[in-house]
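Peer 1: Below are the structure tokens for one structure; questions will follow.
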Amino acid sequence: MLSNLSRKNVLFITTKNPDYIRNTQEISLVKKEAEHYTIIGSKSKYYFVRLLSVYFSLIKTPISSFDTVFIGFAPQLVLPLFKYKFRHVDIMIDFFISLYDTFCQDRRLFHPRSLPGRFLHYIDWITLRQADLVICDTVSHGKYFAEEFGVSPSKLYPLYLQADAAIYHPVTIHRPARLKKKFIVLYFGSILPLQGIDIVLRAITLLKNEQNIFFYCIGPIREKTKIMFCPDASNVKFIDWLPQKQLARYIGLADLCLAGHFNRNIAKAGRTIPGKACIYQAMKKPMILGDNPANHELFQADSMHYFVEMGSPHALADIILYLSERRKLS
């Protein structure tokens with residue numbers, strides 16, 4: 001994989017915000033390996049604006065001067081439209097997500113055999129076919145792409161997520177007086193279905209009478225979701241969203257972090273390693289992971305990594321309670 005970047009003139013393209021965890025990882029890789037590089041992206045907070053900005057930049061850019069084109073997040077939105085410009089260069093893509101899998105299997109917005117479902121499957125298939133090298137986030141995900149879309153395994157290379165060490169590193173944070181004797185458990189996420197926020201909230205409710213346990217739950221959780229799964233818990237503080245540096249401070253407060261994924265009904269949850277797990281790892285925080293093949297590719301059960309049955313709030317609550325009790329005894 002690195003031979004496509006090493007001492008080459010590389011064009012890196014992304015439609016995702018530049019500070020996204022996968023972008024920072026891959027941009028660092030390009031800067032380290034390439035002799036020369038150009039980055040096309042946008043800092044706009046609106047995806048459609050970012051997409052138009054990338055398209056406009058690509059139209060103006062003379063691609064023939066590059067050895068390798070590396071398309072980051074969502075190459076399906078770039079490669080099929082601009083393949084004519086990339087005819088004489090090596091094409092690397094990060095197939096971090098499948099549009100078909102995301103919208104038909106994960107979020108279930110379309111039936112797989114519906115017209116939109118078939119179209120999304122085709123877009124994924126043609127993107128994979130046009131690339132010379134395909135990066136995926138886990139071996140498990142790569143196997144799925146090979147089986148579902150017929151991509152040759154020889155084109156697939158796993159690249160595990162890494163946190164931005166400039167932001168996420170071990171820190172000591174002074175605790176507020178009211179939390180000094182609490183066992184603090186932290187969860188954060190974008191609240192996608194496969195993450196299993198319902199499992200987390202149900203576990204919080206099961207532990208609502210454990211006065212020594214306190215939860216931080218960070219992310220855009222809908223009020224009706226809180227009421228449905230966690231109606232009367234007083235041992236949790238909900239925070240809508242935080243900039244990365246503030247998020248790191250909250251993680252620094254935690255005794256235990258919840259990584260997941262916890263949803264057992266979405267197959268993708270068992271093929272991917274949560275990005276938050278890489279952040280917790282960088283900050284040297286004990287974490288609870290869903291017991292699935294992808295997580296076992298990178299982590300093994302030890303004093304920093306605890307595996308739990310996916311889909312079970314009782315199993316999650318039990319291991320949180322066990323770890324809190326163990327800390328009291330130490």
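Here, A, B, ... name the chains of the structure tokens in the order displayed, residue numbers run from 1 inside each chain, and ligands are numbered from 1 in the same displayed order.
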Enumerate, as a PyMOL selection string, the complete set of residues in range 19-198 of chain A that a backbone-based DSSP assignment places in alpha helix (DSSP H).
Peer 2: chain A and resi 21-33+47-60+79-82+99-100+115-130+139-149+197-198
Peer 1: Between range 239-269 of chain A and range 140-156 of chain A, at 12 Å or less, what are the per-residue closest atom pairs and their distances in Å? Count only C-alpha atoms, order by chain and rising residue number, and return it as a tab-separated table.
Peer 2:
```
residue	atom	partner	partner_atom	distance
A:Ala267	CA	A:Tyr144	CA	10.0
A:Lys268	CA	A:His141	CA	7.9
A:Ala269	CA	A:His141	CA	10.1
```
Peer 1: Need to verify the contact set: range 72-87 of chain A, 6 Å, only C-alpha atoms, exclusion of same-chain residues closer than 4 positions in sequence. Can you return it as a list in words?
Peer 2: Ile13, Thr14, Ile93, Asp94 and Thr127 of chain A
Peer 1: Next, dump the selected residues to file, keeping only C-alpha atoms, as a PDB file, in the first residue's frame.
Peer 2:
```pdb
ATOM      1  CA  ILE A  13      -9.173  14.164  -2.102  1.00  0.00           C
ATOM      2  CA  THR A  14     -11.802  14.142   0.630  1.00  0.00           C
ATOM      3  CA  ILE A  93      -9.583   4.763  -2.358  1.00  0.00           C
ATOM      4  CA  ASP A  94     -10.618   4.458   1.256  1.00  0.00           C
ATOM      5  CA  THR A 127     -16.303   2.509  -7.480  1.00  0.00           C
TER       6      THR A 127
END
```
Peer 1: Tell me, which residues of range 188-248 of chain A carry DSSP strand (DSSP E or B), written as an MDAnalysis selection string?
Peer 2: chainID A and resid 188 213:218 236:239
Peer 1: Can I get the selected residues back with N, CA and C atoms, as a PDB file, in the first residue's frame?
Peer 2:
```
ATOM      1  N   PHE A 188     -19.542   8.437  24.147  1.00  0.00           N
ATOM      2  CA  PHE A 188     -19.824   9.493  23.183  1.00  0.00           C
ATOM      3  C   PHE A 188     -20.017   8.861  21.811  1.00  0.00           C
ATOM      4  N   ILE A 213     -21.936   5.325  40.845  1.00  0.00           N
ATOM      5  CA  ILE A 213     -21.651   5.337  39.411  1.00  0.00           C
ATOM      6  C   ILE A 213     -22.304   6.553  38.771  1.00  0.00           C
ATOM      7  N   PHE A 214     -21.524   7.277  37.971  1.00  0.00           N
ATOM      8  CA  PHE A 214     -22.047   8.450  37.273  1.00  0.00           C
ATOM      9  C   PHE A 214     -21.662   8.364  35.793  1.00  0.00           C
ATOM     10  N   PHE A 215     -22.609   8.705  34.911  1.00  0.00           N
ATOM     11  CA  PHE A 215     -22.398   8.596  33.470  1.00  0.00           C
ATOM     12  C   PHE A 215     -22.344   9.972  32.808  1.00  0.00           C
ATOM     13  N   TYR A 216     -21.428  10.105  31.869  1.00  0.00           N
ATOM     14  CA  TYR A 216     -21.471  11.186  30.892  1.00  0.00           C
ATOM     15  C   TYR A 216     -21.875  10.560  29.562  1.00  0.00           C
ATOM     16  N   CYS A 217     -22.888  11.110  28.936  1.00  0.00           N
ATOM     17  CA  CYS A 217     -23.366  10.608  27.648  1.00  0.00           C
ATOM     18  C   CYS A 217     -23.328  11.771  26.662  1.00  0.00           C
ATOM     19  N   ILE A 218     -22.393  11.721  25.723  1.00  0.00           N
ATOM     20  CA  ILE A 218     -22.118  12.863  24.851  1.00  0.00           C
ATOM     21  C   ILE A 218     -22.507  12.533  23.415  1.00  0.00           C
ATOM     22  N   VAL A 236     -26.906  10.438  35.330  1.00  0.00           N
ATOM     23  CA  VAL A 236     -26.317  10.673  34.016  1.00  0.00           C
ATOM     24  C   VAL A 236     -26.430  12.144  33.650  1.00  0.00           C
ATOM     25  N   LYS A 237     -25.386  12.654  32.986  1.00  0.00           N
ATOM     26  CA  LYS A 237     -25.422  14.008  32.430  1.00  0.00           C
ATOM     27  C   LYS A 237     -25.314  13.879  30.912  1.00  0.00           C
ATOM     28  N   PHE A 238     -26.297  14.426  30.203  1.00  0.00           N
ATOM     29  CA  PHE A 238     -26.294  14.413  28.752  1.00  0.00           C
ATOM     30  C   PHE A 238     -25.672  15.711  28.229  1.00  0.00           C
ATOM     31  N   ILE A 239     -24.774  15.570  27.295  1.00  0.00           N
ATOM     32  CA  ILE A 239     -24.128  16.716  26.651  1.00  0.00           C
ATOM     33  C   ILE A 239     -24.303  16.549  25.149  1.00  0.00           C
TER      34      ILE A 239
END
```
Peer 1: Distance CA of Lys45 in chain A-CA of Lys16 in chain A, one decimal place?
Peer 2: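 It comes out at 9.4 Å.
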Peer 1: Between CA of Ile279 in chain A and CA of Thr38 in chain A, what distance in Å does the model show, to one decimal?
Peer 2: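 Computed distance, CA of Ile279 in chain A to CA of Thr38 in chain A, equals 27.2 Å.
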Peer 1: Between A:Lys284, A:Ile273, A:Asp318, A:Asn9, which is the closest to Val139 in chain A once you count only C-alpha atoms?
Peer 2: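 Of A:Lys284, A:Ile273, A:Asp318, A:Asn9, the one nearest Val139 in chain A is A:Ile273, counting only C-alpha atoms.
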Peer 1: Name the residues in contact with Gly311 in chain A at a cut-off of 10 Å, using only C-alpha atoms, excluding same-chain residues fewer than 3 positions from it; report them as a ChimeraX atom specification.
Peer 2: /A:196,198-200,260-265,290,308,314-316
Peer 1: What's the 12 Å shell around Lys276 in chain A, counting only C-alpha atoms, without same-chain residues fewer than 3 positions away, as an NGL selection string?
Peer 2: :A and (21-22 or 161-164 or 168 or 186-190 or 195 or 218 or 244 or 247-248 or 251 or 257-261 or 272-273 or 279-283 or 285 or 287-289 or 295)
Peer 1: Include C-alpha atoms and write out the residues we just selected as a PDB file, in the first residue's frame.
Peer 2:
```pdb
ATOM      1  CA  ILE A  21     -10.493  11.125  12.445  1.00  0.00           C
ATOM      2  CA  ARG A  22      -9.966   9.157   9.218  1.00  0.00           C
ATOM      3  CA  LEU A 161      -8.088   3.842  12.597  1.00  0.00           C
ATOM      4  CA  GLN A 162      -5.713   5.937  14.683  1.00  0.00           C
ATOM      5  CA  ALA A 163      -6.602   8.879  16.885  1.00  0.00           C
ATOM      6  CA  ASP A 164      -4.972  12.274  16.483  1.00  0.00           C
ATOM      7  CA  TYR A 168      -6.009  12.515  22.293  1.00  0.00           C
ATOM      8  CA  LEU A 186     -18.294   7.899  29.567  1.00  0.00           C
ATOM      9  CA  TYR A 187     -19.967   7.263  26.236  1.00  0.00           C
ATOM     10  CA  PHE A 188     -19.824   9.493  23.183  1.00  0.00           C
ATOM     11  CA  GLY A 189     -20.968   9.033  19.621  1.00  0.00           C
ATOM     12  CA  SER A 190     -22.824  10.375  16.633  1.00  0.00           C
ATOM     13  CA  GLN A 195     -23.717   2.084  17.820  1.00  0.00           C
ATOM     14  CA  ILE A 218     -22.118  12.863  24.851  1.00  0.00           C
ATOM     15  CA  GLN A 244     -12.554  17.562  20.089  1.00  0.00           C
ATOM     16  CA  LEU A 247     -14.208  15.939  24.423  1.00  0.00           C
ATOM     17  CA  ALA A 248     -10.680  14.845  25.309  1.00  0.00           C
ATOM     18  CA  ILE A 251     -12.606  11.425  28.470  1.00  0.00           C
ATOM     19  CA  CYS A 257     -15.302   4.286  28.572  1.00  0.00           C
ATOM     20  CA  LEU A 258     -17.929   2.572  26.431  1.00  0.00           C
ATOM     21  CA  ALA A 259     -16.733   1.796  22.919  1.00  0.00           C
ATOM     22  CA  GLY A 260     -19.220  -0.704  21.438  1.00  0.00           C
ATOM     23  CA  HIS A 261     -20.603  -1.313  18.941  1.00  0.00           C
ATOM     24  CA  THR A 272     -16.184  -2.409  12.171  1.00  0.00           C
ATOM     25  CA  ILE A 273     -14.075  -1.145  15.050  1.00  0.00           C
ATOM     26  CA  ILE A 279      -9.431   7.444  20.900  1.00  0.00           C
ATOM     27  CA  TYR A 280      -9.811   5.649  24.243  1.00  0.00           C
ATOM     28  CA  GLN A 281      -6.745   3.553  23.402  1.00  0.00           C
ATOM     29  CA  ALA A 282      -4.682   6.671  22.687  1.00  0.00           C
ATOM     30  CA  MET A 283      -5.772   8.149  26.030  1.00  0.00           C
ATOM     31  CA  LYS A 285      -8.590   4.475  29.144  1.00  0.00           C
ATOM     32  CA  MET A 287     -13.018   0.371  27.679  1.00  0.00           C
ATOM     33  CA  ILE A 288     -15.907  -1.998  27.028  1.00  0.00           C
ATOM     34  CA  LEU A 289     -16.130  -3.360  23.488  1.00  0.00           C
ATOM     35  CA  ASN A 295     -12.847  -5.722  17.632  1.00  0.00           C
TER      36      ASN A 295
END
```
Peer 1: Write out as a compact mmCIF listing (two decimals) with N, CA, C and O atoms, in the first residue's frame each polymer residue whose atoms come within 6 Å of range 203-205 of chain A, counting only C-alpha atoms; drop sequence neighbours fewer than 6 positions from it.
Peer 2:
```txt
# COMPACT_ATOMS: atom_id res chain seq x y z
N CYS A 230 -34.40 5.81 28.91
CA CYS A 230 -33.73 6.21 30.14
C CYS A 230 -34.57 7.31 30.81
O CYS A 230 -34.12 8.44 30.97
N ALA A 233 -33.45 8.34 35.10
CA ALA A 233 -32.12 8.17 35.70
C ALA A 233 -31.56 9.52 36.12
O ALA A 233 -31.56 10.47 35.34
N PRO A 313 -28.34 -5.01 27.33
CA PRO A 313 -28.11 -3.97 28.34
C PRO A 313 -27.78 -4.57 29.71
O PRO A 313 -27.03 -3.97 30.48
N ALA A 317 -24.58 -3.57 31.83
CA ALA A 317 -24.73 -3.07 33.19
C ALA A 317 -23.94 -3.92 34.18
O ALA A 317 -23.30 -3.39 35.09
```
Peer 1: Enter the distance from CA of Met228 in chain A to CA of Gln105 in chain A, in Å, rounded to one decimal.
Peer 2: 23.8 Å
Peer 1: Taking only C-alpha atoms into account, name the residue in A:Asp291, A:Glu297, A:Asp101, A:Asp232 that is nearest to Leu207 in chain A.
Peer 2: A:Asp232
Peer 1: Report as a compact mmCIF listing (two decimals) with N, CA and C atoms, in the first residue's frame all protein, DNA and RNA residues lying within 12 Å of range 102-104 of chain A, evaluated on only C-alpha atoms, omitting residues in the same chain fewer than 4 positions from it.
Peer 2:
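The result, written out as part.txt:
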```
# COMPACT_ATOMS: atom_id res chain seq x y z
N ALA A 74 -15.82 8.52 1.29
CA ALA A 74 -16.88 8.45 0.27
C ALA A 74 -16.36 8.63 -1.16
N PHE A 96 -14.29 3.37 3.31
CA PHE A 96 -14.60 3.34 4.73
C PHE A 96 -16.06 2.95 4.98
N ILE A 97 -16.92 3.36 4.06
CA ILE A 97 -18.33 2.97 4.18
C ILE A 97 -18.85 2.51 2.82
N SER A 98 -19.76 1.59 2.84
CA SER A 98 -20.52 1.19 1.67
C SER A 98 -21.85 1.94 1.71
N ARG A 108 -31.50 1.19 7.07
CA ARG A 108 -32.72 0.58 6.53
C ARG A 108 -33.68 1.62 5.95
N LEU A 109 -33.12 2.58 5.24
CA LEU A 109 -33.94 3.58 4.57
C LEU A 109 -34.55 3.04 3.28
N PHE A 110 -33.84 2.09 2.64
CA PHE A 110 -34.32 1.50 1.39
C PHE A 110 -34.22 -0.02 1.48
N HIS A 111 -35.14 -0.70 0.83
CA HIS A 111 -35.04 -2.16 0.72
C HIS A 111 -33.90 -2.49 -0.25
N PRO A 112 -33.09 -3.50 0.06
CA PRO A 112 -31.96 -3.82 -0.82
C PRO A 112 -32.34 -4.04 -2.28
N ARG A 113 -33.55 -4.55 -2.52
CA ARG A 113 -33.95 -4.85 -3.90
C ARG A 113 -34.78 -3.74 -4.54
N SER A 114 -34.95 -2.64 -3.81
CA SER A 114 -35.66 -1.50 -4.37
C SER A 114 -34.78 -0.82 -5.41
N LEU A 115 -35.36 0.09 -6.18
CA LEU A 115 -34.58 0.82 -7.19
C LEU A 115 -33.44 1.63 -6.54
N PRO A 116 -33.72 2.39 -5.45
CA PRO A 116 -32.59 3.09 -4.80
C PRO A 116 -31.55 2.11 -4.26
N GLY A 117 -32.00 0.98 -3.70
CA GLY A 117 -31.07 -0.01 -3.18
C GLY A 117 -30.17 -0.57 -4.26
N ARG A 118 -30.74 -0.90 -5.39
CA ARG A 118 -29.95 -1.43 -6.52
C ARG A 118 -28.99 -0.39 -7.06
N PHE A 119 -29.44 0.88 -7.08
CA PHE A 119 -28.56 1.95 -7.56
C PHE A 119 -27.36 2.12 -6.62
N LEU A 120 -27.61 2.12 -5.32
CA LEU A 120 -26.51 2.26 -4.36
C LEU A 120 -25.54 1.10 -4.47
N HIS A 121 -26.06 -0.09 -4.68
CA HIS A 121 -25.21 -1.27 -4.86
C HIS A 121 -24.33 -1.10 -6.10
N ASP A 124 -21.48 1.47 -5.43
CA ASP A 124 -20.41 0.83 -4.66
C ASP A 124 -19.59 -0.08 -5.57
N LEU A 192 -25.43 6.81 15.64
CA LEU A 192 -25.88 6.00 14.51
C LEU A 192 -26.54 4.73 15.05
N PRO A 193 -27.46 4.13 14.30
CA PRO A 193 -28.16 2.93 14.81
C PRO A 193 -27.24 1.80 15.25
N LEU A 194 -26.17 1.55 14.46
CA LEU A 194 -25.32 0.41 14.79
C LEU A 194 -24.56 0.60 16.10
N ILE A 266 -27.57 -5.29 13.43
CA ILE A 266 -27.00 -4.73 12.21
C ILE A 266 -25.64 -5.38 11.98
N ALA A 267 -25.51 -6.08 10.87
CA ALA A 267 -24.29 -6.87 10.61
C ALA A 267 -23.03 -6.00 10.60
N LYS A 268 -23.16 -4.78 10.11
CA LYS A 268 -22.00 -3.88 10.02
C LYS A 268 -21.38 -3.61 11.39
N ALA A 269 -22.19 -3.66 12.44
CA ALA A 269 -21.68 -3.41 13.79
C ALA A 269 -20.63 -4.43 14.19
```
Peer 1: Return the single residue from A:Ile135, A:Ser303, A:Pro170, A:Asp106 that is closest to Pro158 in chain A, with distances computed using only C-alpha atoms.
Peer 2: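 Among A:Ile135, A:Ser303, A:Pro170, A:Asp106, it is A:Ile135 that comes nearest to Pro158 in chain A.
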